[in-house]
Amino acid sequence: MRAERRTPAGLASGLALLLALSACGHAGGPPPAALAGRIQVNQLGFLPGAAKWAAVTAPAAAAFSVVDLHSGAEVLRGALQPPALWEPSGDVVRLADFSALTAPGVYRLHVDGLPDSPQFRVAGDAYAALAAAGVKAYYFNRAGIELRPEQAGPWARPAGHPDTQVRVHASAAGPGRPEGTLISSPGGWYDAGDYNKYVVNSGITVYTLLAAYEHFPAFFRQQALNIPESGNGLPDLLNEALWNLDWMLSMQDPADGGVYSKLTNLAFDGVVMPHQARAERYVVQKTTAAALDFAAVMATASRVFGAFESQRPGLAARMRAAAERGWVWARANPAVPYRQPPDVRTGEYGDAQFDDEFAWAAAELYITTRDDRYYAAMQAERVPAGVPGWGDVAGLAWVSLAQHRQGLTPAADQRLIAARINGLATQLTAAWAASPWRVSQQAGDFVWGSNSVLLNQALMLIQGYRLGGDRRQLDAAQAALDVVLGRNPLGRSMVTGFGSAPPLHPHHRPSEADGVAAPVPGFLVGGPNPGQQDAQGCPVPYASKAPARSYLDHFCSYASNEVAINWNAPLVYVSAALQVLTAGTPP
Ligand SMILES: [Ca+2]
Ligand SMILES: [Ca+2]
């Protein structure tokens with residue numbers, strides 16, 4: 001869940017009408033519906049070997065068929081499962097299991113009396129383009145660099161926010177750098193729909209991208225993104241991660257190893273392009289969470305970039321040293337929460353519970369250094385495995401320990417590592433299996449950024465599958481991606497540029513201000529959020545208060561339709577993992 005953000009001014013007039021919530025956005029299908037309801041399906045499609053489910057919100061329907069889009073031939077027929085109420089949306093739903101469909105092609109689902117489903121593909125490369133666009137979204141959010149037409153196409157734009165002359169805010173002043181000192185802290189990614197840069201949120205984001213590389217290196221070595229560094233000998237995912245890692249390194253105070261929490265304006269920019277935003281920038285307060293998230297991700301990056309010494313000589317050692325200095329600072333300053341200074345009004349990412357950050361940083365330092373003192377500092381038996389989020393990162397420690405389990409020292413408790421990963425994956429699988437909508441997310445998971453909560457559940461399910469091979473855990477992860485790509489009560493894809501009914505008006509300043517009709521592609525939007533914290537400032541109402549329907553495809557909706565770097569990271573991880581782990585040819 002993100003820090004709540006101030007509503008930008010001036011949104012109330014002249015904006016496009018709400019397009020969401022009324023129709024599925026697909027063509028074709030039989031004439032007037034005799035039944036009320038819809039067929040909701042993953043609008044992008046599936047690997048041949050994937051579990052394939054659709055949701056039919058028509059209690060009286062009985063059977064479904066799968067139709068080849070081009071020939072019109074029925075290729076599969078089946079009975080719908082018994083109806084059941086899914087509380088988060090209030091729908092009575094019947095599920096269609098068409099996993100037996102394995103032949104590559106383009107299809108739609110048909111139920112007598114209902115509009116046909118959106119079309120979808122079955123293909124061996126079903127998620128390759130999605131995974132690539134999910135990474136390239138970070139390129140589109142780069143600070144301090146011109147996006148050239150050769151790489152950015154219609155979304156080319158001048159450089160914004162050079163951040164080579166940034167002031168040390170009073171809250172961040174120290175002996176070596178008194179208030180007002182000018183420092184240089186260029187590069188990095190804009191955090192979300194705004195133009196500020198936050199270390200805490202960068203931590204889980206970059207980590208998740210590096211974990212994707214560590215887990216599936218062959219996939220990412222062949223992925224070509226057409227970014228400025230392409231062809232330099234580093235995989236493009238790592239080039240993109242470095243754009244933010246190099247910035248993060250500049251956020252560490254060389255005097256004491258503490259890490260500034262954010263680089264920010266005093267207030268959010270207006271709805272302008274990056275080069276039009278000229279407010280003075282500051283680095284703000286060193287915090288325990290910033291130091292530990294920094295230490296964890298630099299320790300991770302150190303072992304990843306250790307394999308690329310010739311491309312970036314000395315980088316891995318520098319990252320490791322930076323991680324250890326951040327750790328030392330946090331041990332000496334173990335309870336410094338973020339306190340928003342009175343003159344600063346941008347995002348907070350405030351967190352006062354640091355057990356999880358300590359555990360995660362200790363785990364990554366242990367894996368990278370093989371120093372048992374870090375394993376002891378983790379206090380592993382006291383660390384739970386939960387679904388990760390920016391303020392609760394304990395689960396990431398277990399992801400890394402499981403990945404590296406064969407190279408750990410004898411100090412590591414191998415049974416505990418397996419128990420933590422399996423315990424969480426088993427719990428999420430049970431929730432998926434019991435769900436009338438066949439998804440692991442529960443009513444309480446519809447919070448700010450609910451789509452990322454769901455995809456982080458999928459990320460943890462995938463860890464279970466990689467460790468123990470329980471196929472149901474992979475199927476439950478697939479279900480999460482299905483929901484994000486359109487098998488939801490809204491019939492909406494939640495990724496810009498993907499699916500037949502994607503978000504068109506994300507809360508993303510460049511997408512709103514660039515004069516290009518299509519939003520910048522590859523971004524996951526926050527998703528349904530019954531908090532509706534932006535409702536007062538939106539010129540159109542939410543259509544429903546139901547948790548799974550609390551979504552507005554409107555620029556005003558920072559609470560359901562913003563983008564964020566930490567939300568895109570599990571999209572990249574899960575789409576790549578399913579592309580790699582799902583059988584690409586019919587079984
Ligand atoms: Ca925490
Ligand atoms: Ca636009």
# chains A, B, ... in the order shown; residues from 1 in each chain; ligands from 1

$ residues_near_ligand --ligand "ligand 2" --cutoff "8 Å" --atoms "only C-alpha atoms and all ligand atoms" --output "PyMOL selection string"
chain A and resi 505+510-520

$ write_last_selection --atoms "N, CA, C and O atoms" --output "short mmCIF file (atom, residue, chain, number, x, y, z; two decimals), in the first residue's frame"
data_model
loop_
_atom_site.label_atom_id
_atom_site.label_comp_id
_atom_site.auth_asym_id
_atom_site.auth_seq_id
_atom_site.Cartn_x
_atom_site.Cartn_y
_atom_site.Cartn_z
N HIS A 505 -6.41 6.03 -18.93
CA HIS A 505 -6.16 7.32 -18.26
C HIS A 505 -5.48 7.12 -16.91
O HIS A 505 -6.00 7.54 -15.87
N PRO A 510 3.33 12.02 -17.09
CA PRO A 510 3.71 12.05 -18.51
C PRO A 510 2.58 11.56 -19.42
O PRO A 510 2.32 12.16 -20.47
N SER A 511 1.88 10.50 -19.02
CA SER A 511 0.79 10.00 -19.86
C SER A 511 -0.31 11.04 -20.02
O SER A 511 -0.95 11.12 -21.06
N GLU A 512 -0.52 11.84 -18.99
CA GLU A 512 -1.59 12.83 -19.03
C GLU A 512 -1.18 14.09 -19.80
O GLU A 512 -2.01 14.70 -20.46
N ALA A 513 0.11 14.43 -19.72
CA ALA A 513 0.55 15.74 -20.22
C ALA A 513 1.22 15.68 -21.60
O ALA A 513 1.57 16.70 -22.16
N ASP A 514 1.40 14.48 -22.17
CA ASP A 514 2.26 14.38 -23.36
C ASP A 514 1.55 14.62 -24.69
O ASP A 514 2.18 14.65 -25.74
N GLY A 515 0.24 14.75 -24.68
CA GLY A 515 -0.46 14.97 -25.95
C GLY A 515 -0.58 13.73 -26.82
O GLY A 515 -1.06 13.80 -27.94
N VAL A 516 -0.13 12.59 -26.32
CA VAL A 516 -0.26 11.32 -27.05
C VAL A 516 -1.50 10.60 -26.51
O VAL A 516 -1.67 10.50 -25.29
N ALA A 517 -2.34 10.11 -27.42
CA ALA A 517 -3.60 9.51 -26.96
C ALA A 517 -3.36 8.30 -26.07
O ALA A 517 -3.93 8.17 -24.99
N ALA A 518 -2.51 7.39 -26.51
CA ALA A 518 -2.29 6.15 -25.75
C ALA A 518 -1.38 6.43 -24.56
O ALA A 518 -0.39 7.14 -24.68
N PRO A 519 -1.72 5.89 -23.38
CA PRO A 519 -0.82 6.07 -22.25
C PRO A 519 0.50 5.34 -22.48
O PRO A 519 0.58 4.44 -23.31
N VAL A 520 1.51 5.73 -21.72
CA VAL A 520 2.79 5.03 -21.79
C VAL A 520 2.54 3.56 -21.48
O VAL A 520 1.88 3.24 -20.48
#

$ residues_around --residues "A:Val106" --least-positions-apart "4" --cutoff "10 Å" --atoms "only C-alpha atoms" --output "list in words"
Gly45, Val67, Asp68, Leu69, His70, Ser71, Gln119, Phe120, Arg121, Val122 and Ala123 of chain A

$ closest_residue --among "A:Leu459, A:Met251, A:Ala394, A:Ile417" --to "ligand 1" --atoms "only C-alpha atoms and all ligand atoms"
A:Ala394

$ closest_residue --among "A:Ala100, A:Ala159, A:Ala361, A:Leu47" --to "ligand 1" --atoms "only C-alpha atoms and all ligand atoms"
A:Ala361

$ residues_near_ligand --ligand "ligand 1" --cutoff "9 Å" --atoms "only C-alpha atoms and all ligand atoms" --output "number ranges by chain"
A: 289, 351-358, 389-394

$ select_by_dssp --residues "stretch 197-396 of chain A" --states "strand (DSSP E)" --output "PDB file with C-alpha atoms, in the first residue's frame"
ATOM      1  CA  LYS A 197      12.439   9.558  -5.920  1.00  0.00           C
ATOM      2  CA  TYR A 198      12.170   7.448  -2.758  1.00  0.00           C
ATOM      3  CA  TYR A 260      18.466   9.855   2.724  1.00  0.00           C
ATOM      4  CA  SER A 261      14.867   8.746   2.599  1.00  0.00           C
ATOM      5  CA  LYS A 262      13.911  10.657  -0.539  1.00  0.00           C
ATOM      6  CA  LEU A 263      14.878  13.190  -3.165  1.00  0.00           C
ATOM      7  CA  THR A 264      11.887  15.416  -3.641  1.00  0.00           C
ATOM      8  CA  TYR A 282      15.969  18.336  -1.674  1.00  0.00           C
ATOM      9  CA  VAL A 283      17.273  15.214  -0.028  1.00  0.00           C
ATOM     10  CA  VAL A 284      15.256  14.592   3.126  1.00  0.00           C
ATOM     11  CA  GLN A 285      15.905  12.804   6.439  1.00  0.00           C
ATOM     12  CA  LYS A 286      18.023   9.695   6.914  1.00  0.00           C
TER      13      LYS A 286
END

$ select_by_dssp --residues "stretch 112-242 of chain A" --states "alpha helix (DSSP H)" --output "short mmCIF file (atom, residue, chain, number, x, y, z; two decimals) with all heavy atoms, in the first residue's frame"
data_model
loop_
_atom_site.label_atom_id
_atom_site.label_comp_id
_atom_site.auth_asym_id
_atom_site.auth_seq_id
_atom_site.Cartn_x
_atom_site.Cartn_y
_atom_site.Cartn_z
N ALA A 128 5.99 -12.98 -23.25
CA ALA A 128 7.31 -12.39 -23.53
C ALA A 128 7.20 -10.88 -23.71
O ALA A 128 7.99 -10.11 -23.15
CB ALA A 128 7.92 -13.05 -24.77
N ALA A 129 6.22 -10.43 -24.49
CA ALA A 129 6.08 -8.99 -24.73
C ALA A 129 5.64 -8.26 -23.48
O ALA A 129 6.08 -7.12 -23.22
CB ALA A 129 5.09 -8.75 -25.87
N LEU A 130 4.81 -8.89 -22.68
CA LEU A 130 4.36 -8.26 -21.43
C LEU A 130 5.53 -8.06 -20.47
O LEU A 130 5.69 -6.99 -19.87
CB LEU A 130 3.28 -9.13 -20.78
CG LEU A 130 2.76 -8.67 -19.42
CD1 LEU A 130 2.04 -7.34 -19.53
CD2 LEU A 130 1.85 -9.74 -18.79
N ALA A 131 6.34 -9.11 -20.32
CA ALA A 131 7.49 -9.00 -19.42
C ALA A 131 8.45 -7.90 -19.90
O ALA A 131 8.99 -7.13 -19.09
CB ALA A 131 8.22 -10.34 -19.32
N ALA A 132 8.64 -7.82 -21.22
CA ALA A 132 9.54 -6.79 -21.76
C ALA A 132 8.98 -5.39 -21.53
O ALA A 132 9.69 -4.48 -21.11
CB ALA A 132 9.78 -7.04 -23.25
N ALA A 133 7.68 -5.23 -21.78
CA ALA A 133 7.07 -3.90 -21.59
C ALA A 133 7.07 -3.51 -20.11
O ALA A 133 7.21 -2.34 -19.77
CB ALA A 133 5.65 -3.90 -22.14
N GLY A 134 6.90 -4.51 -19.25
CA GLY A 134 6.93 -4.22 -17.82
C GLY A 134 8.27 -3.68 -17.37
O GLY A 134 8.34 -2.83 -16.47
N VAL A 135 9.36 -4.15 -17.99
CA VAL A 135 10.68 -3.59 -17.67
C VAL A 135 10.86 -2.24 -18.35
O VAL A 135 11.36 -1.28 -17.76
CB VAL A 135 11.81 -4.55 -18.11
CG1 VAL A 135 13.17 -3.96 -17.73
CG2 VAL A 135 11.65 -5.93 -17.49
N LYS A 136 10.42 -2.15 -19.60
CA LYS A 136 10.65 -0.89 -20.33
C LYS A 136 9.88 0.27 -19.71
O LYS A 136 10.27 1.43 -19.87
CB LYS A 136 10.30 -1.05 -21.80
CG LYS A 136 10.73 0.16 -22.62
CD LYS A 136 11.17 -0.15 -24.02
CE LYS A 136 11.67 1.13 -24.71
NZ LYS A 136 12.11 0.88 -26.09
N ALA A 137 8.82 -0.02 -18.98
CA ALA A 137 8.10 1.05 -18.27
C ALA A 137 9.06 1.83 -17.37
O ALA A 137 8.91 3.05 -17.20
CB ALA A 137 6.95 0.46 -17.45
N TYR A 138 10.05 1.14 -16.79
CA TYR A 138 11.02 1.85 -15.95
C TYR A 138 11.84 2.83 -16.77
O TYR A 138 12.13 3.95 -16.33
CB TYR A 138 11.95 0.85 -15.23
CG TYR A 138 11.22 0.02 -14.21
CD1 TYR A 138 10.67 -1.22 -14.53
CD2 TYR A 138 11.06 0.50 -12.91
CE1 TYR A 138 9.99 -1.96 -13.60
CE2 TYR A 138 10.38 -0.25 -11.96
CZ TYR A 138 9.84 -1.48 -12.31
OH TYR A 138 9.16 -2.22 -11.39
N TYR A 139 12.23 2.41 -17.98
CA TYR A 139 12.94 3.33 -18.87
C TYR A 139 12.09 4.59 -19.09
O TYR A 139 12.59 5.71 -19.04
CB TYR A 139 13.27 2.62 -20.18
CG TYR A 139 13.56 3.57 -21.32
CD1 TYR A 139 14.78 4.23 -21.40
CD2 TYR A 139 12.60 3.83 -22.30
CE1 TYR A 139 15.04 5.12 -22.44
CE2 TYR A 139 12.86 4.71 -23.33
CZ TYR A 139 14.08 5.37 -23.39
OH TYR A 139 14.32 6.24 -24.41
N PHE A 140 10.80 4.40 -19.33
CA PHE A 140 9.93 5.55 -19.58
C PHE A 140 9.81 6.46 -18.36
O PHE A 140 9.42 7.61 -18.47
CB PHE A 140 8.54 5.08 -20.01
CG PHE A 140 8.46 4.59 -21.44
CD1 PHE A 140 8.15 3.27 -21.73
CD2 PHE A 140 8.70 5.46 -22.49
CE1 PHE A 140 8.07 2.82 -23.03
CE2 PHE A 140 8.62 5.03 -23.80
CZ PHE A 140 8.30 3.70 -24.09
N PRO A 149 13.38 9.32 -29.73
CA PRO A 149 12.37 8.61 -30.52
C PRO A 149 12.79 7.19 -30.90
O PRO A 149 11.94 6.31 -31.00
CB PRO A 149 12.22 9.49 -31.77
CG PRO A 149 12.71 10.84 -31.36
CD PRO A 149 13.75 10.62 -30.30
N GLU A 150 14.09 6.96 -31.09
CA GLU A 150 14.54 5.62 -31.48
C GLU A 150 14.20 4.59 -30.42
O GLU A 150 14.03 3.41 -30.70
CB GLU A 150 16.07 5.58 -31.70
CG GLU A 150 16.60 6.61 -32.65
CD GLU A 150 17.00 7.91 -31.94
OE1 GLU A 150 16.08 8.75 -31.74
OE2 GLU A 150 18.16 8.07 -31.58
N GLN A 151 14.16 5.03 -29.15
CA GLN A 151 13.85 4.09 -28.07
C GLN A 151 12.43 4.27 -27.52
O GLN A 151 11.82 3.31 -27.07
CB GLN A 151 14.85 4.27 -26.91
CG GLN A 151 16.16 3.53 -27.10
CD GLN A 151 17.30 4.45 -27.44
OE1 GLN A 151 17.32 5.60 -27.02
NE2 GLN A 151 18.25 3.95 -28.22
N ALA A 152 11.94 5.49 -27.57
CA ALA A 152 10.68 5.79 -26.88
C ALA A 152 9.49 5.92 -27.82
O ALA A 152 8.35 6.02 -27.36
CB ALA A 152 10.83 7.07 -26.05
N VAL A 199 13.90 6.19 -1.58
CA VAL A 199 14.78 5.04 -1.37
C VAL A 199 14.01 3.82 -0.88
O VAL A 199 14.25 2.69 -1.35
CB VAL A 199 15.92 5.40 -0.40
CG1 VAL A 199 16.64 4.14 0.09
CG2 VAL A 199 16.92 6.33 -1.09
N VAL A 200 13.09 4.01 0.06
CA VAL A 200 12.38 2.85 0.61
C VAL A 200 11.65 2.09 -0.50
O VAL A 200 11.76 0.86 -0.62
CB VAL A 200 11.40 3.29 1.72
CG1 VAL A 200 10.39 2.20 2.04
CG2 VAL A 200 12.18 3.66 2.98
N ASN A 201 10.94 2.80 -1.35
CA ASN A 201 10.20 2.11 -2.40
C ASN A 201 11.14 1.58 -3.48
O ASN A 201 10.84 0.58 -4.12
CB ASN A 201 9.15 3.05 -3.01
CG ASN A 201 8.00 2.27 -3.60
OD1 ASN A 201 7.60 1.25 -3.04
ND2 ASN A 201 7.49 2.72 -4.73
N SER A 202 12.27 2.24 -3.67
CA SER A 202 13.26 1.73 -4.62
C SER A 202 13.83 0.39 -4.16
O SER A 202 14.22 -0.44 -4.98
CB SER A 202 14.41 2.73 -4.77
OG SER A 202 14.05 3.81 -5.59
N GLY A 203 13.90 0.19 -2.85
CA GLY A 203 14.52 -1.03 -2.33
C GLY A 203 13.81 -2.28 -2.79
O GLY A 203 14.39 -3.13 -3.46
N ILE A 204 12.54 -2.41 -2.48
CA ILE A 204 11.80 -3.61 -2.87
C ILE A 204 11.69 -3.70 -4.39
O ILE A 204 11.72 -4.79 -4.96
CB ILE A 204 10.41 -3.66 -2.19
CG1 ILE A 204 9.71 -4.99 -2.53
CG2 ILE A 204 9.55 -2.47 -2.57
CD1 ILE A 204 8.42 -5.21 -1.75
N THR A 205 11.61 -2.56 -5.05
CA THR A 205 11.46 -2.55 -6.51
C THR A 205 12.69 -3.14 -7.19
O THR A 205 12.58 -4.09 -7.99
CB THR A 205 11.24 -1.11 -7.01
OG1 THR A 205 10.08 -0.57 -6.38
CG2 THR A 205 11.08 -1.08 -8.51
N VAL A 206 13.84 -2.57 -6.90
CA VAL A 206 15.05 -3.05 -7.57
C VAL A 206 15.35 -4.48 -7.15
O VAL A 206 15.76 -5.31 -7.96
CB VAL A 206 16.25 -2.12 -7.27
CG1 VAL A 206 17.51 -2.67 -7.93
CG2 VAL A 206 15.97 -0.71 -7.78
N TYR A 207 15.11 -4.77 -5.87
CA TYR A 207 15.32 -6.16 -5.43
C TYR A 207 14.49 -7.14 -6.26
O TYR A 207 14.98 -8.19 -6.68
CB TYR A 207 14.96 -6.35 -3.95
CG TYR A 207 14.94 -7.82 -3.61
CD1 TYR A 207 16.13 -8.49 -3.37
CD2 TYR A 207 13.75 -8.55 -3.65
CE1 TYR A 207 16.14 -9.86 -3.16
CE2 TYR A 207 13.75 -9.92 -3.43
CZ TYR A 207 14.94 -10.57 -3.19
OH TYR A 207 14.95 -11.93 -3.00
N THR A 208 13.23 -6.84 -6.45
CA THR A 208 12.35 -7.78 -7.17
C THR A 208 12.83 -7.97 -8.61
O THR A 208 12.79 -9.09 -9.14
CB THR A 208 10.90 -7.26 -7.12
OG1 THR A 208 10.51 -7.10 -5.75
CG2 THR A 208 9.94 -8.22 -7.80
N LEU A 209 13.32 -6.91 -9.23
CA LEU A 209 13.87 -7.05 -10.58
C LEU A 209 15.15 -7.88 -10.57
O LEU A 209 15.36 -8.73 -11.45
CB LEU A 209 14.13 -5.67 -11.19
CG LEU A 209 12.90 -4.76 -11.36
CD1 LEU A 209 13.32 -3.40 -11.92
CD2 LEU A 209 11.86 -5.40 -12.28
N LEU A 210 16.01 -7.65 -9.57
CA LEU A 210 17.25 -8.44 -9.50
C LEU A 210 16.95 -9.90 -9.17
O LEU A 210 17.62 -10.81 -9.66
CB LEU A 210 18.19 -7.85 -8.44
CG LEU A 210 18.74 -6.45 -8.73
CD1 LEU A 210 19.59 -5.96 -7.54
CD2 LEU A 210 19.56 -6.42 -10.01
N ALA A 211 15.93 -10.13 -8.35
CA ALA A 211 15.54 -11.52 -8.05
C ALA A 211 15.04 -12.20 -9.32
O ALA A 211 15.36 -13.37 -9.58
CB ALA A 211 14.45 -11.55 -6.98
N ALA A 212 14.29 -11.47 -10.13
CA ALA A 212 13.83 -12.05 -11.40
C ALA A 212 15.04 -12.48 -12.23
O ALA A 212 15.05 -13.57 -12.83
CB ALA A 212 12.97 -11.04 -12.17
N TYR A 213 16.07 -11.64 -12.24
CA TYR A 213 17.28 -12.01 -13.00
C TYR A 213 17.99 -13.21 -12.36
O TYR A 213 18.39 -14.14 -13.05
CB TYR A 213 18.24 -10.81 -13.09
CG TYR A 213 19.48 -11.20 -13.84
CD1 TYR A 213 19.48 -11.29 -15.23
CD2 TYR A 213 20.65 -11.57 -13.16
CE1 TYR A 213 20.60 -11.71 -15.92
CE2 TYR A 213 21.78 -11.99 -13.84
CZ TYR A 213 21.74 -12.06 -15.22
OH TYR A 213 22.84 -12.50 -15.91
N GLU A 214 18.13 -13.19 -11.04
CA GLU A 214 18.82 -14.31 -10.38
C GLU A 214 18.08 -15.63 -10.61
O GLU A 214 18.70 -16.68 -10.75
CB GLU A 214 18.94 -14.06 -8.86
CG GLU A 214 20.02 -13.08 -8.47
CD GLU A 214 20.39 -13.17 -6.99
OE1 GLU A 214 19.46 -13.11 -6.14
OE2 GLU A 214 21.58 -13.31 -6.68
N HIS A 215 16.75 -15.59 -10.65
CA HIS A 215 15.97 -16.82 -10.76
C HIS A 215 15.85 -17.31 -12.21
O HIS A 215 15.75 -18.51 -12.45
CB HIS A 215 14.56 -16.62 -10.19
CG HIS A 215 14.54 -16.23 -8.74
ND1 HIS A 215 13.39 -16.15 -8.00
CD2 HIS A 215 15.55 -15.90 -7.88
CE1 HIS A 215 13.67 -15.77 -6.76
NE2 HIS A 215 14.97 -15.61 -6.67
N PRO A 217 17.90 -16.28 -15.25
CA PRO A 217 18.92 -15.50 -15.99
C PRO A 217 18.86 -15.72 -17.50
O PRO A 217 19.05 -14.77 -18.26
CB PRO A 217 20.24 -16.00 -15.39
CG PRO A 217 19.92 -17.32 -14.76
CD PRO A 217 18.49 -17.22 -14.29
N ALA A 218 18.58 -16.93 -17.94
CA ALA A 218 18.57 -17.18 -19.40
C ALA A 218 17.47 -16.37 -20.08
O ALA A 218 17.68 -15.82 -21.17
CB ALA A 218 18.39 -18.67 -19.68
N PHE A 219 16.32 -16.28 -19.44
CA PHE A 219 15.22 -15.51 -20.02
C PHE A 219 15.62 -14.05 -20.19
O PHE A 219 15.39 -13.45 -21.24
CB PHE A 219 13.98 -15.61 -19.12
CG PHE A 219 12.83 -14.76 -19.59
CD1 PHE A 219 11.99 -15.21 -20.60
CD2 PHE A 219 12.58 -13.52 -19.03
CE1 PHE A 219 10.93 -14.42 -21.05
CE2 PHE A 219 11.52 -12.73 -19.48
CZ PHE A 219 10.69 -13.19 -20.49
N PHE A 220 16.24 -13.49 -19.17
CA PHE A 220 16.55 -12.06 -19.24
C PHE A 220 17.79 -11.78 -20.08
O PHE A 220 17.93 -10.68 -20.62
CB PHE A 220 16.68 -11.48 -17.84
CG PHE A 220 15.34 -11.34 -17.17
CD1 PHE A 220 14.94 -12.22 -16.16
CD2 PHE A 220 14.45 -10.35 -17.57
CE1 PHE A 220 13.70 -12.10 -15.57
CE2 PHE A 220 13.20 -10.22 -16.98
CZ PHE A 220 12.83 -11.10 -15.97
N ARG A 221 18.68 -12.77 -20.23
CA ARG A 221 19.82 -12.54 -21.11
C ARG A 221 19.38 -12.39 -22.56
O ARG A 221 20.01 -11.69 -23.34
CB ARG A 221 20.86 -13.66 -20.95
CG ARG A 221 21.76 -13.45 -19.75
CD ARG A 221 23.03 -14.29 -19.83
NE ARG A 221 22.73 -15.71 -19.77
CZ ARG A 221 22.81 -16.45 -18.65
NH1 ARG A 221 23.21 -15.90 -17.52
NH2 ARG A 221 22.51 -17.73 -18.68
N ASP A 236 19.66 -6.29 -20.55
CA ASP A 236 18.93 -5.02 -20.46
C ASP A 236 18.24 -4.83 -19.12
O ASP A 236 18.15 -3.71 -18.61
CB ASP A 236 17.93 -4.90 -21.61
CG ASP A 236 18.58 -4.37 -22.89
OD1 ASP A 236 19.74 -3.90 -22.81
OD2 ASP A 236 17.95 -4.46 -23.95
N LEU A 237 17.73 -5.92 -18.53
CA LEU A 237 17.10 -5.77 -17.22
C LEU A 237 18.09 -5.18 -16.21
O LEU A 237 17.74 -4.32 -15.41
CB LEU A 237 16.58 -7.12 -16.70
CG LEU A 237 15.97 -7.07 -15.30
CD1 LEU A 237 14.62 -6.37 -15.31
CD2 LEU A 237 15.83 -8.47 -14.72
N LEU A 238 19.33 -5.65 -16.29
CA LEU A 238 20.34 -5.14 -15.35
C LEU A 238 20.74 -3.72 -15.71
O LEU A 238 21.01 -2.89 -14.82
CB LEU A 238 21.56 -6.08 -15.34
CG LEU A 238 21.27 -7.50 -14.86
CD1 LEU A 238 22.57 -8.28 -14.70
CD2 LEU A 238 20.49 -7.51 -13.54
N ASN A 239 20.79 -3.40 -16.99
CA ASN A 239 21.03 -2.00 -17.37
C ASN A 239 19.96 -1.10 -16.77
O ASN A 239 20.25 -0.02 -16.25
CB ASN A 239 20.99 -1.86 -18.90
CG ASN A 239 22.32 -2.23 -19.53
OD1 ASN A 239 23.38 -1.88 -19.03
ND2 ASN A 239 22.26 -2.94 -20.65
N GLU A 240 18.71 -1.55 -16.85
CA GLU A 240 17.63 -0.71 -16.33
C GLU A 240 17.72 -0.61 -14.81
O GLU A 240 17.53 0.47 -14.24
CB GLU A 240 16.27 -1.28 -16.77
CG GLU A 240 15.13 -0.29 -16.63
CD GLU A 240 15.42 1.05 -17.29
OE1 GLU A 240 15.75 1.09 -18.49
OE2 GLU A 240 15.33 2.08 -16.60
N ALA A 241 18.02 -1.72 -14.14
CA ALA A 241 18.17 -1.69 -12.68
C ALA A 241 19.30 -0.75 -12.27
O ALA A 241 19.21 -0.04 -11.27
CB ALA A 241 18.41 -3.10 -12.15
N LEU A 242 20.37 -0.74 -13.06
CA LEU A 242 21.51 0.12 -12.74
C LEU A 242 21.16 1.60 -12.80
O LEU A 242 21.76 2.42 -12.09
CB LEU A 242 22.67 -0.15 -13.71
CG LEU A 242 23.78 -1.07 -13.25
CD1 LEU A 242 24.86 -1.15 -14.31
CD2 LEU A 242 24.38 -0.60 -11.92
#

$ closest_residue --among "A:Asn265, A:Gln478, A:Ser185, A:Gln276" --to "A:Gln252" --atoms "only C-alpha atoms"
A:Ser185

$ residues_around --residues "stretch 441-452 of chain A" --least-positions-apart "3" --cutoff "8 Å" --atoms "only C-alpha atoms" --output "PyMOL selection string"
chain A and resi 1-2+87-88+431-432+455-457+484+494+524-531+547-548+559-560+566-568+570-571

$ closest_residue --among "A:Gly326, A:Pro342, A:Pro48, A:Gly306" --to "A:Pro254" --atoms "only C-alpha atoms"
A:Gly326

$ atom_distance --atom1 "atom CA of A:Ser544" --atom2 "atom CA of A:Asn488"
14.2 Å

$ closest_residue --among "A:Asn333, A:Leu365, A:Leu485, A:Leu424" --to "A:Phe498" --atoms "only C-alpha atoms"
A:Leu485

$ closest_residue --among "A:Trp437, A:Tyr366, A:Tyr551, A:Tyr558" --to "A:Val92" --atoms "only C-alpha atoms"
A:Trp437

$ residues_around --residues "A:Ala330" --least-positions-apart "6" --cutoff "8 Å" --atoms "only C-alpha atoms" --output "number ranges by chain"
A: 258, 288, 291-292

$ residues_around --residues "A:Tyr542" --least-positions-apart "4" --cutoff "9 Å" --atoms "only C-alpha atoms" --output "ChimeraX atom specification"
/A:532,535,538,549-552

$ atom_distance --atom1 "atom CA of A:Gln406" --atom2 "atom CA of A:Thr368"
13.3 Å

$ atom_distance --atom1 "atom CA of A:Asn196" --atom2 "atom CA of A:Pro521"
20.3 Å
